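S.K.: My questions will all concern the structure given below.
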Amino acid sequence: MAVRLREALATLPGYVGGRTVPDAIKLASNETPYPALPHVVARLTDTLRAANRYPDPASSKLTAALAERNELPVTRVVVGCGSVSLCQQLVQISTQVGDEVVYGWRAFEAYPIVAAIAGAAHTRVPLRDEVHDLAAMADAVTDATRLVFVCNPNNPTGTAVRTADLTAFLAAVPDHVLVVLDEAYHEFVTDPDVPDGRTLLDDHPNLVVLRTFSKAYGLAGLRVGYALAGDQSVATGLKQVQVPFAVSQLAQDAALACLEPEAEKELFTRVETVLAERARVGNALREMGYAVPPTQANFVWLALGERTADWAAGCAEQRVIVRPFAGEGARVTIGTPDENDQFLDAARALAE
Ligand SMILES: *Cc1c(COP(=O)(O)O)cnc(C)c1O
């Protein structure tokens, strides 16, 4: 007799990771194209040697460093096994079967998965001109809603909501509904009118800000991110549902090293390069006739509609792997200048 598993598993959407193809350039997963920061790598030899020991289950040192840097009490900071894991924990602590999760669409593809795993219902609110329609998202909140995800800048469009719209949204959403502001691409934001969620936490106990070391800091392979909570009860809940020892010591120590001044300097240089390349790639694509909305992240979105799958296949033939969303568009990560040149050659060849 077959083992009885939860019915929900039959309809659970799968997470489609960016493809890795030997000898092809991978611009599909919003990773930095550069290896981990040299300062961080130099720090990890001793940690690796101590791998016979379990990690600090509370990530105490990293939590304290993040609390200090963000001027929050340590009781409102939680380190997790990547911010995806924290997304799942946030749904777990706020919803029961039948409760609702609201998010804009298209946004980060992990949101429907973590909602479905929890047995929550989802309400998807279409983007408007490729940007989160926060007014419509506030209107979509019902008595059954427990959590709203706002991805800012948004993956996969790169677009960002502005401060006035976000504060109006926070004022409109009832205080008992958790608002999760996913700022995975925070380090790439240059527009001063794009809010830093951290500054809104003290006025909004129902707000949680998610950050990660996976993108700008170059630690996607180590799995470490963190939550900054408006209220201590949310942070406590996150720790209650955390899988014990979920964050390895290597990840904790690498993240801690990322916060040291030497690493910050290295990071700054890399981010500057990405920002210059983001402008160059976006402008070149627009000159070729592509519709590319303004981006505040380390990727661009090409609104290709029905052409998307063929276009992405055309890129792959030229050994450039992008991330297509069939029927909608393609997301392309900003790589090194050489990688971007190769991508632009492919895009030029495929332009109409
Ligand atoms: C990449 C990404 C993350 C990061 O996830 P980790 O688990 O920290 O690697 C989170 N949210 C969004 C929107 C992302 O694009």
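Residues in the structure tokens are named by chain (A, B, ... in the order shown) and by number from 1 within that chain; ligands are numbered from 1 in the order shown.
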Residues of chain A within 9 Å of ligand 1: nearest atom pair and distance (Å, one decimal) for each, counting only C-alpha atoms and all ligand atoms, sorted by chain and number, as CSV?
M.R.:
```
residue,atom,partner,partner_atom_place_in_ligand_line,distance
A:Ser29,CA,ligand 1,1 (C),7.5
A:Asn30,CA,ligand 1,1 (C),6.7
A:Glu31,CA,ligand 1,1 (C),7.9
A:Gly80,CA,ligand 1,8 (O),8.3
A:Cys81,CA,ligand 1,7 (O),6.7
A:Gly82,CA,ligand 1,7 (O),3.3
A:Ser83,CA,ligand 1,8 (O),3.7
A:Val84,CA,ligand 1,7 (O),3.8
A:Ser85,CA,ligand 1,7 (O),6.0
A:Leu86,CA,ligand 1,7 (O),7.8
A:Cys87,CA,ligand 1,10 (C),8.1
A:Ala107,CA,ligand 1,13 (C),7.3
A:Phe108,CA,ligand 1,13 (C),4.9
A:Glu109,CA,ligand 1,13 (C),8.1
A:Ala110,CA,ligand 1,11 (N),7.9
A:Tyr111,CA,ligand 1,13 (C),8.9
A:Val150,CA,ligand 1,13 (C),9.0
A:Cys151,CA,ligand 1,13 (C),5.7
A:Asn152,CA,ligand 1,13 (C),7.6
A:Pro153,CA,ligand 1,13 (C),7.9
A:Asn154,CA,ligand 1,13 (C),6.5
A:Asn155,CA,ligand 1,13 (C),5.2
A:Pro156,CA,ligand 1,15 (O),7.4
A:Asp182,CA,ligand 1,11 (N),5.8
A:Glu183,CA,ligand 1,11 (N),6.9
A:Ala184,CA,ligand 1,11 (N),4.9
A:Tyr185,CA,ligand 1,15 (O),7.2
A:Leu210,CA,ligand 1,10 (C),7.6
A:Arg211,CA,ligand 1,8 (O),7.1
A:Thr212,CA,ligand 1,8 (O),4.5
A:Phe213,CA,ligand 1,8 (O),6.3
A:Ser214,CA,ligand 1,9 (O),4.7
A:Lys215,CA,ligand 1,1 (C),6.5
A:Leu219,CA,ligand 1,9 (O),8.1
A:Ala220,CA,ligand 1,9 (O),5.3
A:Gly221,CA,ligand 1,9 (O),7.9
A:Leu222,CA,ligand 1,9 (O),8.5
A:Arg223,CA,ligand 1,9 (O),5.8
A:Val224,CA,ligand 1,8 (O),5.8
A:Gly225,CA,ligand 1,8 (O),4.8
A:Tyr226,CA,ligand 1,8 (O),7.9
```
S.K.: With the cut-off set at 12 Å and counting only C-alpha atoms, tabulate each residue of region 9-108 of chain A with an atom at most that distance from an atom of region 113-133 of chain A, showing the nearest atom pair and its distance in Å to one decimal, ordered by chain and increasing number, as a tab-separated table.
M.R.:
```
residue	atom	partner	partner_atom	distance
A:Leu9	CA	A:Ile117	CA	7.8
A:Ala10	CA	A:Ala116	CA	10.8
A:Thr11	CA	A:Ala116	CA	8.7
A:Leu12	CA	A:Ala116	CA	6.5
A:Pro13	CA	A:Ile113	CA	6.0
A:Gly14	CA	A:Ile113	CA	7.3
A:Tyr15	CA	A:Ile113	CA	7.6
A:Val16	CA	A:Ile113	CA	11.1
A:Ser83	CA	A:Val114	CA	11.9
A:Val84	CA	A:Val114	CA	8.7
A:Ser85	CA	A:Val114	CA	8.9
A:Leu86	CA	A:Val114	CA	10.0
A:Cys87	CA	A:Val114	CA	7.1
A:Gln88	CA	A:Val114	CA	5.1
A:Gln89	CA	A:Val114	CA	8.6
A:Leu90	CA	A:Val114	CA	9.2
A:Val91	CA	A:Ala115	CA	6.4
A:Gln92	CA	A:Ala118	CA	6.2
A:Ile93	CA	A:Ala118	CA	9.6
A:Ser94	CA	A:Ala118	CA	9.8
A:Thr95	CA	A:Ala120	CA	6.6
A:Gln96	CA	A:Ala120	CA	6.6
A:Val97	CA	A:Gly119	CA	4.7
A:Gly98	CA	A:Ala120	CA	5.1
A:Asp99	CA	A:Ala120	CA	5.2
A:Glu100	CA	A:Ala121	CA	4.6
A:Val101	CA	A:His122	CA	4.9
A:Val102	CA	A:Thr123	CA	4.7
A:Tyr103	CA	A:Arg124	CA	5.3
A:Gly104	CA	A:Val125	CA	4.6
A:Trp105	CA	A:Pro126	CA	4.9
A:Arg106	CA	A:Leu127	CA	6.8
A:Ala107	CA	A:Leu127	CA	8.7
A:Phe108	CA	A:Ile113	CA	9.9
```
S.K.: Include C-alpha atoms and write out the residues we just selected as a compact mmCIF listing (two decimals), in the first residue's frame.
M.R.:
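Contents of out.txt, freshly written:
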```txt
# COMPACT_ATOMS: atom_id res chain seq x y z
CA LEU A 9 1.65 17.83 -2.75
CA ALA A 10 -0.05 16.76 -5.98
CA THR A 11 -0.63 20.38 -7.01
CA LEU A 12 2.37 22.07 -5.44
CA PRO A 13 4.17 24.28 -7.98
CA GLY A 14 7.85 23.39 -8.37
CA TYR A 15 10.60 25.97 -7.97
CA VAL A 16 12.27 26.41 -11.35
CA SER A 83 15.49 34.39 3.14
CA VAL A 84 13.42 31.82 1.26
CA SER A 85 13.42 29.77 4.41
CA LEU A 86 12.33 32.84 6.39
CA CYS A 87 9.45 33.37 3.90
CA GLN A 88 8.29 29.86 4.67
CA GLN A 89 8.66 30.40 8.43
CA LEU A 90 6.65 33.64 8.22
CA VAL A 91 3.79 31.82 6.50
CA GLN A 92 4.02 29.01 9.05
CA ILE A 93 3.73 31.34 12.04
CA SER A 94 0.91 33.48 10.64
CA THR A 95 -1.47 31.15 8.78
CA GLN A 96 -3.52 28.06 9.43
CA VAL A 97 -5.18 25.96 6.74
CA GLY A 98 -7.68 28.16 4.89
CA ASP A 99 -6.16 31.50 5.85
CA GLU A 100 -5.06 33.78 3.02
CA VAL A 101 -1.75 35.07 1.75
CA VAL A 102 -1.78 38.04 -0.65
CA TYR A 103 1.00 38.88 -3.08
CA GLY A 104 1.51 40.75 -6.32
CA TRP A 105 1.99 38.74 -9.49
CA ARG A 106 4.26 38.15 -11.07
CA ALA A 107 6.65 38.27 -8.13
CA PHE A 108 9.08 35.86 -6.49
```
S.K.: Using DSSP secondary structure from the backbone, list all alpha helix (DSSP H) positions within region 80-135 of chain A, as a list in words.
M.R.: Gly82, Ser83, Val84, Ser85, Leu86, Cys87, Gln88, Gln89, Leu90, Val91, Gln92, Ile93, Ser94, Ala110, Tyr111, Pro112, Ile113, Val114, Ala115, Ala116, Ile117, Ala118, Leu134 and Ala135 of chain A
S.K.: Write the residues of the selection above to a file with N, CA and C atoms, as a compact mmCIF listing (two decimals), in the first residue's frame.
M.R.:
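Produced file out-v3.txt, reproduced below:
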```txt
# COMPACT_ATOMS: atom_id res chain seq x y z
N GLY A 82 18.83 31.25 4.49
CA GLY A 82 18.37 31.95 3.29
C GLY A 82 17.05 32.65 3.58
N SER A 83 16.76 33.70 2.86
CA SER A 83 15.49 34.39 3.14
C SER A 83 14.29 33.62 2.61
N VAL A 84 14.52 32.69 1.69
CA VAL A 84 13.42 31.82 1.26
C VAL A 84 12.88 31.02 2.45
N SER A 85 13.82 30.52 3.23
CA SER A 85 13.42 29.77 4.41
C SER A 85 12.62 30.67 5.37
N LEU A 86 13.06 31.92 5.51
CA LEU A 86 12.33 32.84 6.39
C LEU A 86 10.94 33.15 5.83
N CYS A 87 10.79 33.19 4.50
CA CYS A 87 9.45 33.37 3.90
C CYS A 87 8.54 32.23 4.35
N GLN A 88 9.09 31.02 4.28
CA GLN A 88 8.29 29.86 4.67
C GLN A 88 7.93 29.92 6.16
N GLN A 89 8.91 30.29 6.98
CA GLN A 89 8.66 30.40 8.43
C GLN A 89 7.60 31.47 8.73
N LEU A 90 7.64 32.57 7.98
CA LEU A 90 6.65 33.64 8.22
C LEU A 90 5.24 33.16 7.91
N VAL A 91 5.11 32.37 6.83
CA VAL A 91 3.79 31.82 6.50
C VAL A 91 3.37 30.82 7.58
N GLN A 92 4.33 30.02 8.03
CA GLN A 92 4.02 29.01 9.05
C GLN A 92 3.53 29.64 10.36
N ILE A 93 4.12 30.77 10.74
CA ILE A 93 3.73 31.34 12.04
C ILE A 93 2.48 32.20 11.96
N SER A 94 2.04 32.55 10.73
CA SER A 94 0.91 33.48 10.64
C SER A 94 -0.37 32.83 10.12
N ALA A 110 8.83 31.78 -5.12
CA ALA A 110 8.75 31.00 -3.88
C ALA A 110 7.46 31.29 -3.10
N TYR A 111 6.84 32.46 -3.30
CA TYR A 111 5.67 32.81 -2.49
C TYR A 111 4.52 31.81 -2.64
N PRO A 112 4.12 31.48 -3.89
CA PRO A 112 3.04 30.49 -4.02
C PRO A 112 3.41 29.14 -3.41
N ILE A 113 4.68 28.77 -3.49
CA ILE A 113 5.09 27.46 -2.98
C ILE A 113 4.97 27.43 -1.45
N VAL A 114 5.51 28.46 -0.78
CA VAL A 114 5.46 28.42 0.69
C VAL A 114 4.03 28.57 1.20
N ALA A 115 3.20 29.31 0.47
CA ALA A 115 1.79 29.43 0.87
C ALA A 115 1.09 28.08 0.73
N ALA A 116 1.34 27.41 -0.40
CA ALA A 116 0.68 26.13 -0.65
C ALA A 116 1.12 25.06 0.36
N ILE A 117 2.39 25.08 0.72
CA ILE A 117 2.89 24.10 1.69
C ILE A 117 2.17 24.26 3.03
N ALA A 118 1.88 25.51 3.38
CA ALA A 118 1.20 25.76 4.65
C ALA A 118 -0.30 25.48 4.57
N LEU A 134 -0.03 48.59 -5.19
CA LEU A 134 -0.22 48.49 -3.73
C LEU A 134 -1.64 48.84 -3.30
N ALA A 135 -2.27 49.77 -4.02
CA ALA A 135 -3.66 50.11 -3.66
C ALA A 135 -4.56 48.89 -3.86
```
S.K.: Per residue of region 239-280 of chain A within 9 Å of region 46-55 of chain A, what are the shortest atom pair and its distance in Å to one decimal, counting only C-alpha atoms, with rows by chain and residue number, as a tab-separated table?
M.R.:
```
residue	atom	partner	partner_atom	distance
A:Phe245	CA	A:Pro55	CA	6.1
A:Ala246	CA	A:Pro55	CA	8.6
A:Val247	CA	A:Pro55	CA	7.3
A:Ser248	CA	A:Pro55	CA	5.6
A:Gln249	CA	A:Pro55	CA	4.7
A:Leu250	CA	A:Thr47	CA	6.1
A:Gln252	CA	A:Pro55	CA	8.4
A:Asp253	CA	A:Thr47	CA	7.4
```
S.K.: Of the candidates A:Ala216, A:Val209, A:Val243, A:Ala58, which shows the shortest atom-to-atom distance to Phe299 (chain A), using only C-alpha atoms?
M.R.: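 Going through A:Ala216, A:Val209, A:Val243, A:Ala58 one by one, the smallest distance to Phe299 (chain A) is for A:Ala216.
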S.K.: In Å, with one decimal, what is the gap from CA of Ala164 (chain A) to CA of Val148 (chain A)?
M.R.: 17.9 Å
